[in-house]
Structures are given as C-alpha cells and as structure tokens.
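Student: The structure that follows is given in the form of structure tokens.
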Amino acid sequence: MASAVSGEELGVLAAEQAALRRVATLVARGVAPEQVFAAVTEEAGQLLSVGFAHLGRYESDGTMTILASSGRTVDLFPVGRRWSLGGKNTSTLVFETGGPARIESFSDASGPLGVAAREDGVGSSVGTPVIVEGRLWGVMAVGYSATGQPLPADTEARLANFTDLVATAIANAEGRAELARLAEEQAALRRVATLVARGVPPGELFAAVTEEVGLLLGTGLAGMARYGSDDTVTVVATWAAEADYGGAHPLVPGPWPLDGGDIASMIWRTGRPVRIEDYEGVPGPIAAFVRDELGVTSSVASPIVVESELWGVLFVHSKRTQPLPRDTESRLTGFTELVATAVANAEGRAGLARLAEEQAALRRVATLVARGVRPEALFAAVVDEVRQLLPVEFAMMVRFEPDGTGTTVANSSPIGDPFGVGARWPLGGKNVMTAVAQTGRPARLDSYTDASGPVGVAVRDWGVRSSVGAPVIVEGRPWGVVTVSSMREQPLTADTEARLASFTELLATAIANAESRAALAASRARIVAAADETRRRIERDLHDGIQQRLVVLGLQLRAAQAGVPLQPSELDDVLSRVADGLASVFDELREISHGIHPAILSKGGLKLALKALGRRSTVPVELHMPAARRLPDQVEAAAYYVVS
C-alpha cells in the first residue's frame, strides 16, 4: 500500500514537473506574455483538477484585469474584463494581505467578484499572489463548484510554483519591454537632437518634438505651448493620433489666459511638472476646452525652462479611462531639455543676427553724425533705420517746444504719413509722447484703448495698438522723443526701450554738435562785428580827436613861423623842423587810421576801397569785381584786409 501511495505521489510530482517544465520552456523562449498566461492557467487547471483557473493583474485604480482564464468560468471571467476589488473574495484578500488566501465557502462572499462567483456556482477557491521584483503584481486563483470538495491543503504551495514562473515571465517581459522602450526613447531623442544640431527653424523643431512624444508615449494628443509676457499661453505645435483624431489635431485658438486649474496655468505658477487624471470640475477656459472640445480625460505636462526662465510647456493628453503611466513626466523631461537647448541656440543665433543688424544701423547713423550732415537728413535717416530694425509700422521723432507742444521733425511709415514733418501737437493726456516729456524717461503704452490727448487719440485712430518712446537728452535736458508704434496685437518686445536708447544717444550727440557749431559760428560773428566796431571807434577817435589837434598845432606852428622876423635864423629853422615833424606824424597817423578801417570802405563800399588801394600800390593792379551790390560789413572788411 505504501508503495502504491509513493508511486501515486511520484506520478503527481512528475506531472507537476512536466507542467512546470512546459511553462518554463515558454518563459525561456521569451514568448509573448499573453501566451505564457494562457498556458499557465490551462496547465494549473488540469494539474490541480479544479473547475476553473484565472490570472488577474492588479491596477493602480483598485481594480483587477483578467489576463487569462480556463475552465467553466471562462464566460464569467473573460480576458480583458475589469473587476472592482472589495468585499470577501479570493482576489481581494490576496490584494489586501499580499499572501495566499482561501475561501472554503462562497455562501457569505461579497463584493463584485464574490457575488458574481457565488451566483455562478463557485463553492471554494484558493488564490496565490504574483510577486514581480518585490511588488504585488497580480493573483492566480483556482476553485471548485459549490458541489465539490474543499481544495487540498497543498493547493497554495503547488499554485505558487506556477505563479513563480509567471513572475519570472513578467519580469523578463517587462525587462525586454523596458529595453525596447528605452531604445525607442533614445532613438526619438537622437532624432530630435539631430534637428537641434542642424539648427532647423523653431516651428519645424516644435512639430517634430510633439510628434515624437505622441508616438513614443502612445497618447491621443501632444502639444507644445509658449508663455507670453502678458500672463497668457499660446499653443505653438500640436500632434494627434490617427486612431483617436484621424491624425488631424482640432484647431486650438489662443492666446489663453493663465487663470485656471489646467496644466499650463499650474506650471506657470509652480514651475514643476503637472498631472491631471480627471478633468471633472477643473476650473478655467483651457480646462473647459480640453474637456469639452477635445474629449480629454487626463493630461501630463512638463515645463520648458530656457536659461533659468520658464519659456513654455510640453504636454500630452489622453482620452482613455486609465491614467497615463507614472513615468510620463520623467520621459517628457528628456524632450523639454532638448527643446530648451534648441530655443536657447535659436535665440542666441537670432540675438547675434539682430545685434549685427543693430550695430550696422548704428554705424550708418554714427557715420552721418561724424560727417556733420544737416539735422533734417540725420533725423530722417534715424527714424528709417529704427522702423526697419525693430520692425514696426511707424517711427517718429518729435522736438519738444517751450510752449508745451511737440513738433514732428521726422517720421517713417510704409503705409502713409499720419504725422507730417512740421506738424505741431499739444502735449497732454495719456500717450507716450506726453509721458516722455513729463518724466524725461522711456515710456510704453501696450494698449491704446484708453489713450487720451490729441496725440493719443490721433495714434489710436490710425490703428496703432502699442508704442514705445525714448527721450533725446541733450546736455541734461529732454530735447525731444523718438517713438515707434505697432499695429499688431502683441505688444512691442521688452527690449525696445533699450534698443531705441542707442539711437537717441547718437541723436543727442549730433544735436549737441550742431548746436555747438551754431553757437561757435554766432560767437565768431559777434567777435568779428565787435572787432569791426572797435576799429571804427578807434578811427573816429583818431580822426575827430588826435588828428584834429595835430592839424591845429601844425597850423599854429606855421603861423608862428610866418610871424617870426628874419632874424635870428636859428629860431626859424627850429620851428620849420617842428612843423615838418608834425606833418610827418599826421601823415603816419592817418595811414594807421586808414589801416584800421578805411573811410572809403565804410562810405563807398568794397569796390571803391579796393580801387583806391590799387592806385596806391607800387605794382600795377587790375581789379575785377562783378558784384555791384553792397555786401555785409564783416564780409567787406574781411575781403579788404585779405587783398591789402
């Protein structure tokens, strides 16, 4: 009898080992997990002589999904069916304890699984956990109908041999899947990195990134958005799955205000990755659009940070009931880093190109300043350069007047001339020109909806949306303003004031130089006029004073000489010499007086004075002077002394 029992046990053991070997062979061959699961339940059901066997996987939402089923309960537990856990039943007990569980009678079973099993006639059941790399992955359960005997005491141990093989198969499959997923992810990142290295246009790169992310993560929708300076976000690229949306992403309007509970608004506030697993009750217009128009149930987003500044967001949406995988955020990060690099590179290249353009424009203006061109030509050149460089639809230069007005001295616009050169505008109200005049500092107006004053109303009526002005400071005082205006919805960039300042500094230098030259010329004219007046005064003083006295003295000496007797002769000689000396001094003094400012030049003009000068010359002189009209006194005096 003992020998027969031993032989029976050996037969059972041999059958069990054969079944386990068949399953192990499938595991070793690396067949698809679904094939291993089906083989395990079939082998376990036949080996243990039970009425049914099924394999289930626990989900993160407190449910269990049937992966394989055999025996009489196949219709009750079809592959793919999802059951809510809870109550008294084998699968729930294993989930709650993490260990084997047994129910000898389902008469008091509860929960969806327990009630369904009891109503289907299940009498007893044993479940064994499937532990994969230390975590509870699922359960394998076998059982009898209500009329059967309780399951043998060693059922848990024998079943554990199969669940160990299942765990190995799952670990191997997950390892292979992880390697395959990693390879796919690296290939996708490599393709994106190649585009970054090639320096493709941003739009092309953004579209490629969203497509790679959507395909890699298997989501329905993917997209990228950029934050604006006005607390808004604008979608810059989208992708849609063929299965969910026919490959065409629904039209996304924008920009959107960042004032809700959506992923973009939360990242804007926190700067960290965000996950939404249920859009029900999420506030804000973006969430409403995503939920109602796109039919999205869950989303994950990761921030794009460019040089420590939050630039935008990369996101994926799903329409499925199960949440997106837990590693979605980390997998998005690899792509956001590449996008950040590409954006930084593109902005760097754009910045260098923009700097080169700006320096070239400034160099052209500086050349005009150095050449001392007329102010009107310089002003016109500056507004043209500014309008093309920024670029804007309108640029203008205004000079502030002492009476509280501004005069247009130059403007540039390809679409008309709303503010003609020479037009005078009263300052006041809410507008850029008035703000600069009042503060002496740069000013900005991003919306003209509430602009006021003559200038503000005129600019608004012309269709301008935003303006920036920079003062022209000449020797510490606001001389005028250079303004640029745009008709686009987006405000002018934040660096517009600084870029304008480079031109206004050159303008200030040119204006100061022009004013200095004008002041110098006026000063020289005043000096020449003063010298001429001084010469005339000296001439008058000599002619009316000293010369007259010398003439009188000479006449008196001549009279005294005539009245002296013939004797003594010595006195007559002395008086004669004195009279001759006075005559000589008078002649010399007259020549000096005439050299200072000839009387004939004042009375007869340059032509007569030059004729008289020519007659006194010891060298023959021929005069050619076609001008008949009198020239300014300073010009005639300068010409006379140059000729003489």
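So you can find residues: chains in the structure tokens are A, B, ... in the order shown, residues in each start at 1, and ligands are numbered from 1 in order.
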From a backbone DSSP assignment, name each residue in region 68-310 of chain A labelled helix (DSSP H, G or I), as number ranges by chain.
Tutor: A: 90-97, 111-119, 155-198, 202-217, 242-245, 263-270, 285-293
Student: Neighbours of Ile267 (chain A) within 8 Å (only C-alpha atoms; same-chain residues fewer than 5 positions away dropped), as a list in words?
Tutor: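 The neighbour list is Arg272, Pro273, Val274, Ser302, Pro303 and Val313 of chain A.
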Student: Restricting the calculation to only C-alpha atoms: of A:Leu258, A:Val305, A:Leu500, A:Val142, which residue gets closest to Ile286 (chain A)?
Tutor: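 Closest residue, counting only C-alpha atoms: A:Leu258.
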Student: Using the chain letters and numbers from this document, which residues of region 223-355 of chain A does DSSP assign to strand (DSSP E or B), as number ranges by chain?
Tutor: A: 223-227, 232-240, 256-257, 274-276, 298-306, 309-318
Student: So how many Å separate CA of Asp262 (chain A) and CA of Ala287 (chain A), to one decimal?
Tutor: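 One can read the CA of Asp262 (chain A) to CA of Ala287 (chain A) distance as 5.2 Å.
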Student: Would you please work out which residue, of A:Ile473, A:Ala222, A:Val484, A:Ala342, is nearest to Val382 (chain A) when using only C-alpha atoms?
Tutor: A:Val484
Student: Can you measure CA of Glu43 (chain A) to CA of Gly80 (chain A) for me? One decimal in Å is fine.
Tutor: 20.1 Å
Student: Suppose you want the space between CA of Arg387 (chain A) and CA of Ser466 (chain A); what is it in Å?
Tutor: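 About the pair CA of Arg387 (chain A) and CA of Ser466 (chain A): they are 14.0 Å apart.
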Student: Neighbours of region 240-253 of chain A within 8 Å (only C-alpha atoms; same-chain residues fewer than 5 positions away dropped), as a PyMOL selection string?
Tutor: chain A and resi 211+214-215+219-222+235+294
Student: Store the residues picked out above in a file with N, CA and C atoms, as a PDB file, in the first residue's frame.
Tutor:
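So the final result, stored in part29.pdb, reads:
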ATOM      1  N   GLU A 211       5.328  65.336 -32.279  1.00  0.00           N
ATOM      2  CA  GLU A 211       5.031  64.050 -32.933  1.00  0.00           C
ATOM      3  C   GLU A 211       5.811  62.915 -32.286  1.00  0.00           C
ATOM      4  N   GLY A 214       4.197  62.166 -28.881  1.00  0.00           N
ATOM      5  CA  GLY A 214       2.917  61.495 -29.004  1.00  0.00           C
ATOM      6  C   GLY A 214       3.047  60.046 -29.403  1.00  0.00           C
ATOM      7  N   LEU A 215       3.918  59.752 -30.389  1.00  0.00           N
ATOM      8  CA  LEU A 215       4.112  58.372 -30.828  1.00  0.00           C
ATOM      9  C   LEU A 215       4.802  57.538 -29.760  1.00  0.00           C
ATOM     10  N   THR A 219      -0.027  58.436 -26.672  1.00  0.00           N
ATOM     11  CA  THR A 219      -1.167  59.246 -26.227  1.00  0.00           C
ATOM     12  C   THR A 219      -1.999  59.676 -27.428  1.00  0.00           C
ATOM     13  N   GLY A 220      -3.164  60.211 -27.153  1.00  0.00           N
ATOM     14  CA  GLY A 220      -4.030  60.664 -28.231  1.00  0.00           C
ATOM     15  C   GLY A 220      -3.611  61.991 -28.817  1.00  0.00           C
ATOM     16  N   LEU A 221      -3.160  62.904 -27.941  1.00  0.00           N
ATOM     17  CA  LEU A 221      -2.779  64.245 -28.357  1.00  0.00           C
ATOM     18  C   LEU A 221      -1.469  64.638 -27.691  1.00  0.00           C
ATOM     19  N   ALA A 222      -0.705  65.462 -28.381  1.00  0.00           N
ATOM     20  CA  ALA A 222       0.516  66.033 -27.806  1.00  0.00           C
ATOM     21  C   ALA A 222       0.636  67.458 -28.321  1.00  0.00           C
ATOM     22  N   VAL A 235      -0.458  77.991 -27.923  1.00  0.00           N
ATOM     23  CA  VAL A 235      -0.002  76.709 -28.463  1.00  0.00           C
ATOM     24  C   VAL A 235       0.795  76.968 -29.733  1.00  0.00           C
ATOM     25  N   LEU A 294     -12.042  68.712 -26.803  1.00  0.00           N
ATOM     26  CA  LEU A 294     -11.108  67.657 -27.192  1.00  0.00           C
ATOM     27  C   LEU A 294     -11.481  66.300 -26.621  1.00  0.00           C
TER      28      LEU A 294
END
Student: I'd like to know which of A:Ser107, A:Thr97, A:Thr439, A:Ser447 is closest to Met487 (chain A), using only C-alpha atoms.
Tutor: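 For Met487 (chain A), the nearest of the given residues is A:Ser447.
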Student: Could you name the residues that touch Leu390 (chain A) at 10 Å or less, counting only C-alpha atoms, but leaving out those on the same chain fewer than 3 positions away, as a PyMOL selection string?
Tutor: chain A and resi 354+357-358+385-387+393+395+484+486+492-493+495-496+499-500
Student: Any idea what's packed within 12 Å of Thr297 (chain A), counting only C-alpha atoms, ignoring anything in its chain fewer than 2 positions away? Could you give it as a PyMOL selection string?
Tutor: chain A and resi 219-221+275-282+287-295+299-300+316-324
Student: Counting only C-alpha atoms, which residue out of A:Leu338, A:Glu156, A:Trp137, A:Val132 sits closest to Ala197 (chain A)?
Tutor: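 Closest to Ala197 (chain A), using only C-alpha atoms: A:Leu338.
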Student: Nearest to Asn172 (chain A): which of A:Ala360, A:Pro257, A:Val31, A:Gly62 is it, counting only C-alpha atoms?
Tutor: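 Nearest candidate to Asn172 (chain A) out of A:Ala360, A:Pro257, A:Val31, A:Gly62: A:Val31.
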